[in-house]
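Notes follow once the structure below has been shown.
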Amino acid sequence: MNALSALGEALVLIGTFFYFLSTLGLIRMPDVYNRMQTSTKSATLGSLGVVIGTGIWAVGNGMSWAWIVQTTAVAGFILLTNPISAHTLIRAAYKRGIPLWHGSVVDKYAEHLAEKSPDEEVSE
Amino acid sequence: MIGINIYLALIAIATLLSTYRVFRGPTTIDRLVAVDIMTTITTGLLVLFALYYGRMIYISVALVYALLAFGGVIAFARYLEGGL
Amino acid sequence: MEEASRASKFAYTVIVLFGIWLLLTASLDTQELATGFVISLIVAALTYDVFTKAGLANLHPKRVAYAIAYLPYFLWAMIMANLDVAYRVLHPKRPIRPGIVKCRTVLESDTGKLSLANSITLTPGTITLDVDGDSYFIHWIWVQDDVLKAKTDEEHVKNASRYITQPFEKFLRVIFG
């Protein structure tokens with residue numbers, strides 16, 4: 001057990017804890033928008049922790065440096081794609097007419113859609 | 001390497017919680033969000049397995065899995081939006 | 001921004017593709033390098049026109065330096081976002097006050113807008129719902145008081161932009177133009 005593998009293991013532990021937190025948010029939050037708020041962020045940071053932590057842990061265990069390069073590639077890919085899928089999902093939720101939670105305070109997007117011509121909204 | 005059991009247990013709990021949302025979720029988008037989180041968690045799990053078995057080639061499996069899951073979620077979301 | 005020449009676009013595409021190849025194979029073997037270089041040339045010849053508009057200007061040292069400085073700033077904002085999320089999830093009363101607000105951006109290129117949208121999604125309590133021209137529609141988990149109490153539309157946009165888009169714009173404006 002040297003310093004590198006201890007650091008890697010700590011990162012993996014933090015990452016899995018954030019996984020747990022993100023799914024807890026999935027259970028506790030009241031509507032789909034807030035569920036997405038909590039779950040997307042925590043799952044992305046959790047993935048970064050687990051994936052990069054695994055790379056550092058492997059190098060600490062005496063495996064080759066290629067591990068950390070490959071895990072960095074996976075982490076970068078997750079960092080680029082996760083927000084895009086969250087963005088597509090939340091837009092699909094809004095366009096399908098799922099209402100905001102009753103405690104919501106402001107909705108500028110509805111005003112924006114109403115300003116544009118209403119028949120264009122139907123055709124989309 | 002004993003600590004890896006703790007991490008696998010945490011991942012298992014997280015997957016169970018999101019499975020609850022998949023079965024329970026009132027709308028289709030809720031279920032899809034839960035599936036999206038599950039695929040992200042599975043990517044991390046595959047990378048952990050690569051270390052568990054000590055084979056670097058398994059990381060490529062995780063990368064391809066992430067790629068396919070991303071495409072699938074995007075396709076589903078666009079379909080549900082009605083603009084595919 | 002004006003279009004770059006074809007050679008510059010081609011060279012930039014080759015450099016980026018070869019960098020991705022190096023990350024994915026993680027090996028310095030001569031045969032792997034040669035194969036990767038040839039494949040980068042072929043793919044770049046087919047796709048350079050849709051891949052980039054600015055060409056080698058993207059690799060200007062000032063831009064690269066800002067991109068490197070942006071990474072720790074962004075990671076720090078992301079960690080703060082997750083502590084914020086942890087607080088909201090674990091708090092027994094579930095302190096949320098969600099709403100959809102409107103922001104404006106000064107960025108012009110499409111890549112810059114995409115990066116800004118991604119950055120917003122991963123940082124505290126905000127998630128991008130739609131982008132239309134220079135307007136961003138953002139779902140915010142805790143709408144701040146001075147945004148909520150703004151009397152006119154213009155004031156609302158100004159206050160919301162100060163909280164959400166402006167911290168990133170000073171970096172992204174240099175990186176992507």
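Ligands are numbered from 1 in the order shown, residues from 1 within each chain, and chains are lettered A, B, ... in the order they appear in the structure tokens.
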Counting only C-alpha atoms, which residues of stretch 5-84 of chain B sit at most 7 Å from some atom of stretch 34-43 of chain A, and what is each one's closest atom pair with its distance in Å to one decimal, listed by chain and rising residue number, as a tab-separated table?
```
residue	atom	partner	partner_atom	distance
B:Val33	CA	A:Met36	CA	6.9
B:Ile37	CA	A:Ala43	CA	6.7
B:Thr40	CA	A:Ala43	CA	6.8
```
Problem set entry | Interface, chain B side, toward chain A (7 Å; only C-alpha atoms) as a list in words |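 So the residues of chain B near chain A are Tyr7, Leu10, Ile11, Ile13, Ala14, Leu17, Ser18, Arg21, Ile29, Asp30, Val33, Ile37, Thr40, Ile41, Gly44, Val47, Leu48, Leu51, Met56, Leu63, Phe70, Val73, Ile74, Ala77, Arg78, Leu80, Glu81 and Gly83 of chain B.
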Expected file: the selected residues, N, CA and C atoms, as a CSV table (one decimal), in the first residue's frame:
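In the end it all went to part-v2.csv:
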```csv
chain,number,residue,atom,x,y,z
B,7,TYR,N,-16.8,-0.7,-2.3
B,7,TYR,CA,-17.2,0.2,-3.4
B,7,TYR,C,-18.3,-0.6,-4.2
B,10,LEU,N,-21.6,-0.2,-2.5
B,10,LEU,CA,-22.2,1.2,-2.7
B,10,LEU,C,-22.8,1.3,-4.1
B,11,ILE,N,-22.1,0.8,-5.1
B,11,ILE,CA,-22.6,0.8,-6.5
B,11,ILE,C,-23.9,0.0,-6.6
B,13,ILE,N,-26.1,-0.6,-4.2
B,13,ILE,CA,-27.2,0.1,-3.5
B,13,ILE,C,-27.7,1.2,-4.5
B,14,ALA,N,-26.7,2.0,-5.1
B,14,ALA,CA,-27.1,3.0,-6.0
B,14,ALA,C,-27.9,2.5,-7.2
B,17,LEU,N,-31.5,1.7,-6.0
B,17,LEU,CA,-32.3,2.9,-5.8
B,17,LEU,C,-32.8,3.4,-7.2
B,18,SER,N,-31.9,3.4,-8.2
B,18,SER,CA,-32.4,3.9,-9.5
B,18,SER,C,-33.3,2.9,-10.1
B,21,ARG,N,-36.7,3.8,-9.1
B,21,ARG,CA,-37.3,4.9,-9.9
B,21,ARG,C,-37.7,4.4,-11.3
B,29,ILE,N,-40.2,10.1,-18.9
B,29,ILE,CA,-38.9,10.8,-18.8
B,29,ILE,C,-38.3,10.4,-17.5
B,30,ASP,N,-39.1,10.2,-16.4
B,30,ASP,CA,-38.5,9.8,-15.1
B,30,ASP,C,-37.7,8.5,-15.3
B,33,VAL,N,-34.5,9.0,-17.2
B,33,VAL,CA,-33.4,9.7,-16.4
B,33,VAL,C,-32.8,8.6,-15.5
B,37,ILE,N,-28.8,7.4,-15.5
B,37,ILE,CA,-27.9,7.4,-14.4
B,37,ILE,C,-27.4,6.0,-14.2
B,40,THR,N,-24.5,5.5,-16.5
B,40,THR,CA,-23.3,6.2,-16.1
B,40,THR,C,-22.6,5.3,-15.0
B,41,ILE,N,-23.4,4.8,-14.1
B,41,ILE,CA,-22.9,4.0,-13.0
B,41,ILE,C,-22.2,2.7,-13.5
B,44,GLY,N,-18.7,3.3,-14.7
B,44,GLY,CA,-17.7,3.2,-13.7
B,44,GLY,C,-17.4,1.8,-13.2
B,47,VAL,N,-15.1,0.0,-15.5
B,47,VAL,CA,-13.7,0.4,-15.3
B,47,VAL,C,-13.1,-0.3,-14.0
B,48,LEU,N,-13.9,-0.3,-12.9
B,48,LEU,CA,-13.5,-1.0,-11.7
B,48,LEU,C,-13.2,-2.5,-12.0
B,51,LEU,N,-9.8,-3.1,-13.4
B,51,LEU,CA,-8.8,-3.2,-12.4
B,51,LEU,C,-8.8,-4.5,-11.6
B,56,MET,N,-6.1,-4.3,-19.0
B,56,MET,CA,-6.4,-3.0,-19.5
B,56,MET,C,-7.4,-2.9,-20.6
B,63,LEU,N,-15.5,2.2,-22.5
B,63,LEU,CA,-15.6,3.3,-23.4
B,63,LEU,C,-16.7,3.1,-24.5
B,70,PHE,N,-24.9,6.6,-24.6
B,70,PHE,CA,-25.1,8.0,-24.9
B,70,PHE,C,-26.0,8.1,-26.2
B,73,VAL,N,-29.6,7.0,-25.3
B,73,VAL,CA,-30.4,8.0,-24.6
B,73,VAL,C,-30.8,9.1,-25.4
B,74,ILE,N,-29.9,9.6,-26.3
B,74,ILE,CA,-30.2,10.7,-27.1
B,74,ILE,C,-31.4,10.4,-28.1
B,77,ALA,N,-34.7,10.2,-26.2
B,77,ALA,CA,-35.1,11.5,-25.8
B,77,ALA,C,-35.7,12.3,-27.0
B,78,ARG,N,-35.0,12.2,-28.2
B,78,ARG,CA,-35.5,12.9,-29.4
B,78,ARG,C,-36.8,12.3,-29.8
B,80,LEU,N,-39.1,10.8,-27.8
B,80,LEU,CA,-40.2,11.3,-26.9
B,80,LEU,C,-40.5,12.7,-27.1
B,81,GLU,N,-39.5,13.5,-27.6
B,81,GLU,CA,-39.8,14.9,-27.8
B,81,GLU,C,-40.7,15.1,-29.1
B,83,GLY,N,-39.4,14.7,-32.3
B,83,GLY,CA,-38.7,15.4,-33.5
B,83,GLY,C,-37.7,14.5,-34.1
```
Problem set entry | Check: which chain C residues lie within 12 Å of chain B using only C-alpha atoms, as a ChimeraX atom specification | /C:23-26
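What separates atom CA of C:His156 from atom CA of C:Ile175 is a distance of 27.7 Å.
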Problem set entry | Atomic separation - atom CA of B:Leu45 relative to atom CA of C:Ile68, Å |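 A separation of 29.2 Å between them.
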Exercise. Hey, what does DSSP flag as alpha helix (DSSP H) within chain C? Can you give it to me as a PyMOL selection string?
Worked result: chain C and resi 6-25+30-51+61-90+110-122+145-148+153-163+166-176
Exercise. What is the atom CA of C:Ser5-atom CA of C:Glu108 distance in Å, reported with one decimal?
Worked result: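 These two atoms are separated by 20.4 Å.
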Exercise. Excluding same-chain residues fewer than 3 positions from B:Val61, what lies within 9 Å of it counting only C-alpha atoms, as an MDAnalysis selection string?
Worked result: chainID B and resid 43 46:47 57:58 64:66
Problem set entry | Distance criterion (only C-alpha atoms): nearest to C:Ile96 out of A:Leu79, A:Ile56, A:Trp101, A:His112 |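 Of the candidates, the smallest distance to C:Ile96 is held by A:Trp101.
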Exercise. Which polymer residues have any atom within 7 Å of an atom of C:Ile141, counting only C-alpha atoms, with same-chain residues fewer than 6 positions away left out, as a ChimeraX atom specification?
Worked result: /A:34 /C:96-99,125-126
Write a file of the just-selected residues containing C-alpha atoms, as a PDB file, in the first residue's frame.
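Here's the written file out36.pdb:
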```pdb
ATOM      1  CA  ASN A  34     -35.276  18.580  -9.877  1.00  0.00           C
TER       2      ASN A  34
ATOM      3  CA  ILE C  96     -35.566  23.894  -3.083  1.00  0.00           C
ATOM      4  CA  ARG C  97     -37.209  26.833  -4.885  1.00  0.00           C
ATOM      5  CA  PRO C  98     -37.035  25.923  -8.579  1.00  0.00           C
ATOM      6  CA  GLY C  99     -37.854  28.002 -11.608  1.00  0.00           C
ATOM      7  CA  GLY C 125     -28.026  24.168  -9.200  1.00  0.00           C
ATOM      8  CA  THR C 126     -28.482  25.056 -12.871  1.00  0.00           C
TER       9      THR C 126
END
```
